[in-house]
Amino acid sequence: MEKGESKFVKIENIEWIESLDNVFQNEGPERVRDLLSQLQTRASKYGVKTGRAGTTPYINTIPPDEQPPYPGNLELEKRISNVIRWNAMAMVVRANRAESGIGGHISTYASAATLFEVAFNHFLRAKNESQPGDVTYFQGHAAPGIYARAFVEGRLSGFDLENFRRELKPEGGLPSYPHPRLMPDFWQFPTVSMGLAPIMSIYQARFNRYLEDRELKKASDQKIWAFLGDGEMDEPESLGAISLAGREKLDNLIFVINCNLQRLDGPVRGNGKIIQELETVFAGAGWNVIKVVWSSDWDPLLMRDKDGILVKRMGQVPDGQLQKYAVAGGDYIRQDFFGKDERLLEMVKSYSDEQLAKLRRGGHDPIKVYAAYKAAVEHKGSPTVILAHTIKGYGLGEAGEGRNITHQQKKLNEQEALEYRSRFGIPIPDGEVQEVLFYKPVDDSEEMKYLQQRRSQLGGYVPARVSGSESIPTPPEDLFEEFYKGSEGREVASTMAFVRLLSKLLRDEQIGKLIVPIVPDEARTFGMESLFRQVGIYSHLGQLYEPVDKDSLLYYNEQKDGAILEEGITEAGAMASFIAAGSAYATHGINTIPFFIFYSMFGFQRIGDLIWAASDTQARGFLIGGVSGRTTLAGEGLQHQDGHSHHIAYTMPNLKAYDPTFAYELAVIIRDGLCRMYEKQENLIYYITVMNEFYEMPAMPDGVREGILKGMYRYKASDKKDTQAKANLMGSGSILNEALKAQKILESRYDVAADVWSVTSYKELYSDAVETERWNMLHPDETPRIPYISECFQGQEAVFVAASDYLKTLPCSVGKWIPGRFAALGTEGYGRSDGREALRDYFEVDARFITLAALHSLALDGKVEPDLPKKAIEDLDIDPDKINPVTV
Ligand SMILES: Cc1ncc(C[n+]2csc(CCOP(=O)(O)OP(=O)(O)O)c2C)c(N)n1
Ligand SMILES: [Mg+2]
């Protein structure tokens, strides 16, 4: 009897439990649920709180008598699994012997092997001609195990494994983690930046449903599996989207969370219980929660636990202590865990210490794992999360099993390798174990035949990335014609031009259906309401209510086959949709074309890691940074005004970044994107900033298309020929208009000839120039090539001024190829809430400052009188002692 438990209490407990047993036996689980809910209601009347919603006892959700029979050969599967475990360990250990510090993880896969193997042998279907297959996100740090399996399957060679983490070896090697960019036939999704796999898989599951609802894809029972870590669930992105999955009842989605109770430094919840915590959170979000806490070894004990003391004890012990049991041995477990109650001690009287130490956790028992997976794939009406209890570094023994150092363990000494070999029965003789060689059973061995047969039953191997999209012809020029013509006197913003173009593309017979507009609750900000009516907002349920604005032309129109993914305020979720849509060409063989329109400040800065993941995934599509620029976005101030997204865009090699001014530039760039990404099937992403400042959109001058795409062209040459003083003014975004004003001032007031160049992309100019220089350096005996920017400015005897709504480092990135004195103007400093005019004065990027910068450079070059800049400061009403915006 537990301390403090009176005889009366004990009898009362027995009576209540027996009545419940009776109700269950005679009337079934529904009636039990009903009774419990009535009791709860009653208790809450007295103000009694009955535990956290959604928490169930710390035992398996599926009781033994509901377990299906195991459909495979457990003995063979165990042998296969052991071989894979060995090779996974060997590849990390060998890599670190070859090059100390090269890294790699043994303990993550060691804890997850059974979770993966049951899935590989019985669940994960491959994509082939006759089935869509399942879509799987593999926990990044478990990569050695996935490679090891592919090696045993015969898909990877010993060389590949040998050169794990040494990809640059001439004979090739394997990347540390899942990267589709590096293994485009193997990995489908990059997962190793923690938290991204959970959110990407949720939106993938939703996107699959979107494709079906829009009749772009045949309905199927395809599942999305995501294998995740328990520590990983602390990332805000991991749990941030689970309510969407619950709300949308995504029963095509299965999370498998490997709860080994440890992360990198130590326990995930030493003083708590991560499985219970996650259960509450997921249950609250409407998920089907399946806990796999204990293995079959515990079933006999739990059967004998009539008065629930064992279950109670299981629920009491914190995770840190469970971790201690993994390393402390049977004697300690007997005293510390069972010793709390005489009845518990009695229960395990016949168990030796060794037997107690070997009572496995649920995630190491294929029977329990299979039961959970089967229940998950058969479950209808909500997503499923499987919370599987395991031990980190399982099988490593002294070398790291359950130890806090285990995550970083990359080396095994001879004794440890011997023990590992023996524990998993690998037929390598003692004398050779030290070498930790890879091991593969012969092809006609029982286990190899079984393994191959299981995979062929499931349709082939996984992971595999099969890219099967067809080229889509670029829409004809006449669709873009109105943008080339200009706005004919009307003042419009480039955002409006973009929305108009998008709406035309959505109407296009060829590609209209493939376009996926994605917006995180900013459609009205960008003037996109008209699209609500035109193509509808996607909702699996359609519209179950009468929208308040039904009478208006632009009402909030939700439709089952709506095209717009209106994500609500989640740039991360919207980006996850972009990734799903942008990689659908590989996942589903459907070339959807995402346009993700967002507040530019909340793009690269906020969700840069997801944009990076999109690049790794080889997603294609358009990222549209709306209301961009630090002085163009009037009034919004410090938090909203983006002066640096174009800088972050430099970090992604396959991403093109444009900051156009005019509608025709935008149209040329978007048409080029459609052509390169969808007709030529290049793996690019286009980032384009658009603005909300109104001005007239001119007609496209002749011969500028190439320049627009290459990053710059001369928009307006000076008419002035009779002067020595010449300036080239480079402008981007709406600051180009300031350069045009400065051109007039320079010519009319100061007798300076000025050409105005529209710089649509510093990134393009920079990339071209560095590539050209590199080529020249490596080919010294060939005629040197000339960077495009140098070509543009060849023969110019002039000064150069570049102004943009971004930091000066943007134009400065091409400074070394500018053949003359060069001044850069930009928006260093935090944003301010004010109008455009005041902001451009404050940041020193308006026509006055462009004029002054040109005159100052010309004076230094001796092309104008030395006192002209001072005169200009007075003329232009510039305060020379004004505050430097970068200092405040
Ligand atoms: C965003 C991010 N932060 C940090 C890391 C470094 N990191 C790699 S594995 C790991 C611990 C993982 O713990 P868990 O999710 O519990 O997985 P386990 O290895 O225990 O299965 C950390 C912190 C990362 N990969 N991504
Ligand atoms: Mg963990």
# chains A, B, ... in the order shown; residues from 1 in each chain; ligands from 1

$ residues_near_ligand --ligand "ligand 2" --cutoff "7 Å" --atoms "only C-alpha atoms and all ligand atoms" --output "NGL selection string"
:A and (229-231 or 258-263 or 268 or 392)

$ write_last_selection --atoms "all heavy atoms" --output "CSV table (one decimal), in the first residue's frame"
chain,number,residue,atom,x,y,z
A,229,GLY,N,12.0,14.6,-34.1
A,229,GLY,CA,12.6,14.4,-32.8
A,229,GLY,C,11.8,15.1,-31.7
A,229,GLY,O,11.0,16.0,-32.0
A,230,ASP,N,11.9,14.6,-30.5
A,230,ASP,CA,11.1,15.2,-29.4
A,230,ASP,C,11.7,16.6,-29.0
A,230,ASP,O,10.9,17.5,-28.7
A,230,ASP,CB,11.0,14.3,-28.1
A,230,ASP,CG,12.3,13.7,-27.7
A,230,ASP,OD1,13.3,13.9,-28.3
A,230,ASP,OD2,12.3,13.0,-26.6
A,231,GLY,N,13.0,16.7,-29.1
A,231,GLY,CA,13.6,18.0,-28.8
A,231,GLY,C,13.2,19.0,-29.9
A,231,GLY,O,13.0,20.2,-29.6
A,258,ASN,N,9.9,10.6,-32.3
A,258,ASN,CA,10.8,9.7,-31.5
A,258,ASN,C,11.1,10.4,-30.2
A,258,ASN,O,11.9,11.2,-30.1
A,258,ASN,CB,12.1,9.5,-32.4
A,258,ASN,CG,13.0,8.7,-31.6
A,258,ASN,OD1,12.7,8.0,-30.6
A,258,ASN,ND2,14.3,8.7,-32.1
A,259,CYS,N,10.4,9.9,-29.2
A,259,CYS,CA,10.6,10.5,-27.8
A,259,CYS,C,11.6,9.7,-27.1
A,259,CYS,O,11.3,8.9,-26.2
A,259,CYS,CB,9.2,10.5,-27.1
A,259,CYS,SG,8.0,11.5,-27.9
A,260,ASN,N,12.9,10.0,-27.4
A,260,ASN,CA,14.0,9.4,-26.7
A,260,ASN,C,14.3,10.2,-25.4
A,260,ASN,O,15.3,10.0,-24.8
A,260,ASN,CB,15.2,9.2,-27.6
A,260,ASN,CG,15.6,10.5,-28.3
A,260,ASN,OD1,15.4,11.6,-27.8
A,260,ASN,ND2,16.3,10.3,-29.4
A,261,LEU,N,13.5,11.2,-25.2
A,261,LEU,CA,13.6,12.0,-24.0
A,261,LEU,C,14.8,12.9,-23.9
A,261,LEU,O,15.1,13.6,-22.9
A,261,LEU,CB,13.5,11.2,-22.7
A,261,LEU,CG,12.4,10.1,-22.7
A,261,LEU,CD1,12.4,9.4,-21.3
A,261,LEU,CD2,11.0,10.6,-23.0
A,262,GLN,N,15.6,12.9,-24.9
A,262,GLN,CA,16.9,13.7,-24.9
A,262,GLN,C,17.0,14.5,-26.2
A,262,GLN,O,16.4,14.1,-27.2
A,262,GLN,CB,18.1,12.7,-24.9
A,262,GLN,CG,18.3,12.0,-23.6
A,262,GLN,CD,19.6,11.2,-23.7
A,262,GLN,OE1,19.5,10.0,-23.6
A,262,GLN,NE2,20.7,11.8,-23.9
A,263,ARG,N,17.6,15.6,-26.0
A,263,ARG,CA,18.0,16.4,-27.2
A,263,ARG,C,19.5,16.4,-27.3
A,263,ARG,O,20.1,15.4,-27.0
A,263,ARG,CB,17.4,17.8,-27.2
A,263,ARG,CG,17.4,18.5,-25.8
A,263,ARG,CD,16.7,19.8,-25.8
A,263,ARG,NE,16.3,20.3,-24.5
A,263,ARG,CZ,17.2,20.8,-23.7
A,263,ARG,NH1,18.5,20.8,-23.9
A,263,ARG,NH2,16.8,21.3,-22.5
A,268,VAL,N,15.0,16.4,-22.7
A,268,VAL,CA,14.1,17.4,-23.3
A,268,VAL,C,13.2,18.0,-22.1
A,268,VAL,O,13.1,19.2,-22.1
A,268,VAL,CB,13.2,16.7,-24.3
A,268,VAL,CG1,12.2,17.6,-24.9
A,268,VAL,CG2,14.1,16.1,-25.4
A,392,LYS,N,17.8,7.1,-26.3
A,392,LYS,CA,18.7,7.7,-27.2
A,392,LYS,C,20.0,6.9,-27.2
A,392,LYS,O,20.5,6.5,-26.1
A,392,LYS,CB,19.0,9.1,-26.9
A,392,LYS,CG,19.8,9.9,-28.0
A,392,LYS,CD,19.4,11.3,-28.1
A,392,LYS,CE,20.2,12.0,-29.2
A,392,LYS,NZ,19.7,13.3,-29.5

$ residues_near_ligand --ligand "ligand 1" --cutoff "9 Å" --atoms "only C-alpha atoms and all ligand atoms" --output "PyMOL selection string"
chain A and resi 105-112+139-142+191-196+228-235+257-265+267-268+391-393+407+609

$ closest_residue --among "A:Lys741, A:Arg749, A:Trp757, A:Asp365" --to "Lys871 in chain A" --atoms "only C-alpha atoms"
A:Arg749

$ residues_around --residues "Leu35 in chain A" --least-positions-apart "6" --cutoff "12 Å" --atoms "only C-alpha atoms" --output "PyMOL selection string"
chain A and resi 16+19-20+23-24+27-29+41-42

$ write_last_selection --atoms "all heavy atoms" --output "short mmCIF file (atom, residue, chain, number, x, y, z; two decimals), in the first residue's frame"
data_model
loop_
_atom_site.label_atom_id
_atom_site.label_comp_id
_atom_site.auth_asym_id
_atom_site.auth_seq_id
_atom_site.Cartn_x
_atom_site.Cartn_y
_atom_site.Cartn_z
N TRP A 16 -15.16 1.74 -7.22
CA TRP A 16 -15.37 2.61 -8.40
C TRP A 16 -14.80 1.95 -9.65
O TRP A 16 -15.42 1.93 -10.71
CB TRP A 16 -14.70 3.97 -8.19
CG TRP A 16 -15.56 4.92 -7.40
CD1 TRP A 16 -15.88 4.83 -6.09
CD2 TRP A 16 -16.23 6.09 -7.90
NE1 TRP A 16 -16.69 5.87 -5.72
CE2 TRP A 16 -16.92 6.66 -6.81
CE3 TRP A 16 -16.31 6.71 -9.14
CZ2 TRP A 16 -17.68 7.83 -6.94
CZ3 TRP A 16 -17.05 7.86 -9.26
CH2 TRP A 16 -17.74 8.41 -8.17
N SER A 19 -16.90 -0.93 -10.81
CA SER A 19 -18.12 -0.51 -11.52
C SER A 19 -17.79 -0.11 -12.94
O SER A 19 -18.52 -0.42 -13.88
CB SER A 19 -18.82 0.69 -10.89
OG SER A 19 -18.59 0.79 -9.58
N LEU A 20 -16.66 0.59 -13.09
CA LEU A 20 -16.26 1.01 -14.44
C LEU A 20 -15.99 -0.21 -15.32
O LEU A 20 -16.43 -0.27 -16.47
CB LEU A 20 -15.01 1.88 -14.35
CG LEU A 20 -14.69 2.60 -15.66
CD1 LEU A 20 -15.49 3.89 -15.76
CD2 LEU A 20 -13.21 2.93 -15.75
N VAL A 23 -19.28 -1.57 -16.44
CA VAL A 23 -19.90 -0.77 -17.49
C VAL A 23 -19.21 -1.06 -18.82
O VAL A 23 -19.86 -1.25 -19.84
CB VAL A 23 -19.80 0.75 -17.17
CG1 VAL A 23 -20.32 1.58 -18.33
CG2 VAL A 23 -20.59 1.07 -15.92
N PHE A 24 -17.89 -1.10 -18.77
CA PHE A 24 -17.14 -1.35 -20.02
C PHE A 24 -17.52 -2.71 -20.60
O PHE A 24 -17.82 -2.83 -21.78
CB PHE A 24 -15.63 -1.28 -19.76
CG PHE A 24 -14.81 -1.54 -20.99
CD1 PHE A 24 -14.65 -0.54 -21.95
CD2 PHE A 24 -14.23 -2.78 -21.22
CE1 PHE A 24 -13.92 -0.77 -23.11
CE2 PHE A 24 -13.49 -3.02 -22.37
CZ PHE A 24 -13.35 -2.01 -23.32
N GLU A 27 -21.45 -2.59 -21.52
CA GLU A 27 -22.01 -1.57 -22.43
C GLU A 27 -20.99 -0.96 -23.39
O GLU A 27 -21.37 -0.21 -24.28
CB GLU A 27 -22.69 -0.47 -21.60
CG GLU A 27 -23.83 -1.03 -20.75
CD GLU A 27 -24.41 0.04 -19.85
OE1 GLU A 27 -25.03 0.96 -20.38
OE2 GLU A 27 -24.23 -0.05 -18.62
N GLY A 28 -19.72 -1.25 -23.20
CA GLY A 28 -18.72 -0.81 -24.18
C GLY A 28 -18.12 0.57 -23.92
O GLY A 28 -18.53 1.27 -23.00
N PRO A 29 -17.15 0.93 -24.75
CA PRO A 29 -16.36 2.15 -24.52
C PRO A 29 -17.16 3.45 -24.61
O PRO A 29 -16.90 4.40 -23.88
CB PRO A 29 -15.30 2.10 -25.63
CG PRO A 29 -15.80 1.14 -26.65
CD PRO A 29 -16.69 0.19 -25.94
N THR A 41 -18.26 16.74 -15.62
CA THR A 41 -19.16 17.89 -15.55
C THR A 41 -19.58 18.13 -14.10
O THR A 41 -19.59 19.26 -13.60
CB THR A 41 -20.42 17.63 -16.40
OG1 THR A 41 -20.01 17.11 -17.65
CG2 THR A 41 -21.24 18.88 -16.60
N ARG A 42 -19.86 17.04 -13.45
CA ARG A 42 -20.29 17.13 -12.05
C ARG A 42 -19.18 17.75 -11.19
O ARG A 42 -19.41 18.65 -10.40
CB ARG A 42 -20.59 15.71 -11.56
CG ARG A 42 -21.28 15.66 -10.24
CD ARG A 42 -22.72 15.98 -10.45
NE ARG A 42 -23.50 15.90 -9.24
CZ ARG A 42 -24.78 16.13 -9.21
NH1 ARG A 42 -25.42 16.46 -10.31
NH2 ARG A 42 -25.45 16.04 -8.07
#

$ residues_around --residues "range 533-548 of chain A" --least-positions-apart "6" --cutoff "9 Å" --atoms "only C-alpha atoms" --output "number ranges by chain"
A: 209-210, 213-214, 248, 503, 506-507, 554-566

$ closest_residue --among "A:Ala143, A:Ala283, A:Leu344, A:Val433" --to "Arg94 in chain A" --atoms "only C-alpha atoms"
A:Val433

$ atom_distance --atom1 "CA of Gln743 in chain A" --atom2 "CA of Ile883 in chain A"
25.9 Å

$ residues_around --residues "Glu488 in chain A" --least-positions-apart "6" --cutoff "8 Å" --atoms "only C-alpha atoms" --output "PyMOL selection string"
chain A and resi 696-699

$ residues_around --residues "Glu414 in chain A" --least-positions-apart "3" --cutoff "9 Å" --atoms "only C-alpha atoms" --output "list in words"
Ala417, Leu418, Glu419, Val433, Gln434 and Glu435 of chain A

$ write_last_selection --atoms "N, CA, C and O atoms" --output "PDB file, in the first residue's frame"
ATOM      1  N   ALA A 417      33.019  -1.380 -29.766  1.00  0.00           N
ATOM      2  CA  ALA A 417      32.631  -1.935 -31.066  1.00  0.00           C
ATOM      3  C   ALA A 417      32.315  -3.424 -30.935  1.00  0.00           C
ATOM      4  O   ALA A 417      31.343  -3.933 -31.507  1.00  0.00           O
ATOM      5  N   LEU A 418      33.126  -4.116 -30.146  1.00  0.00           N
ATOM      6  CA  LEU A 418      32.892  -5.550 -29.923  1.00  0.00           C
ATOM      7  C   LEU A 418      31.525  -5.787 -29.284  1.00  0.00           C
ATOM      8  O   LEU A 418      30.758  -6.663 -29.689  1.00  0.00           O
ATOM      9  N   GLU A 419      31.229  -4.974 -28.281  1.00  0.00           N
ATOM     10  CA  GLU A 419      29.944  -5.136 -27.591  1.00  0.00           C
ATOM     11  C   GLU A 419      28.772  -4.860 -28.523  1.00  0.00           C
ATOM     12  O   GLU A 419      27.767  -5.556 -28.508  1.00  0.00           O
ATOM     13  N   VAL A 433      36.584  -6.696 -35.942  1.00  0.00           N
ATOM     14  CA  VAL A 433      35.605  -5.704 -35.475  1.00  0.00           C
ATOM     15  C   VAL A 433      36.209  -4.312 -35.368  1.00  0.00           C
ATOM     16  O   VAL A 433      35.605  -3.307 -35.737  1.00  0.00           O
ATOM     17  N   GLN A 434      37.455  -4.291 -34.904  1.00  0.00           N
ATOM     18  CA  GLN A 434      38.152  -3.026 -34.702  1.00  0.00           C
ATOM     19  C   GLN A 434      38.135  -2.156 -35.956  1.00  0.00           C
ATOM     20  O   GLN A 434      38.088  -0.934 -35.894  1.00  0.00           O
ATOM     21  N   GLU A 435      38.109  -2.801 -37.125  1.00  0.00           N
ATOM     22  CA  GLU A 435      38.123  -2.023 -38.378  1.00  0.00           C
ATOM     23  C   GLU A 435      36.768  -1.416 -38.708  1.00  0.00           C
ATOM     24  O   GLU A 435      36.653  -0.554 -39.575  1.00  0.00           O
TER      25      GLU A 435
END

$ closest_residue --among "A:Ser494, A:Ser552, A:Thr390, A:Thr651" --to "Gly363 in chain A" --atoms "only C-alpha atoms"
A:Thr390

$ residues_around --residues "Thr661 in chain A" --least-positions-apart "4" --cutoff "8 Å" --atoms "only C-alpha atoms" --output "list in words"
Ser494, Glu665, Leu666, Val690, Ser732, Gly733, Ser734, Leu736, Ser758 and Thr760 of chain A

$ atom_distance --atom1 "CA of Phe598 in chain A" --atom2 "CA of Phe694 in chain A"
19.1 Å

$ select_by_dssp --residues "range 531-693 of chain A" --states "strand (DSSP E or B)" --output "NGL selection string"
:A and (537-538 or 558-559 or 564-566 or 593-599 or 621-626 or 629 or 642 or 655-658 or 685-689)

$ closest_residue --among "A:Leu858, A:Met691, A:Val256, A:Leu302" --to "Thr631 in chain A" --atoms "only C-alpha atoms"
A:Met691
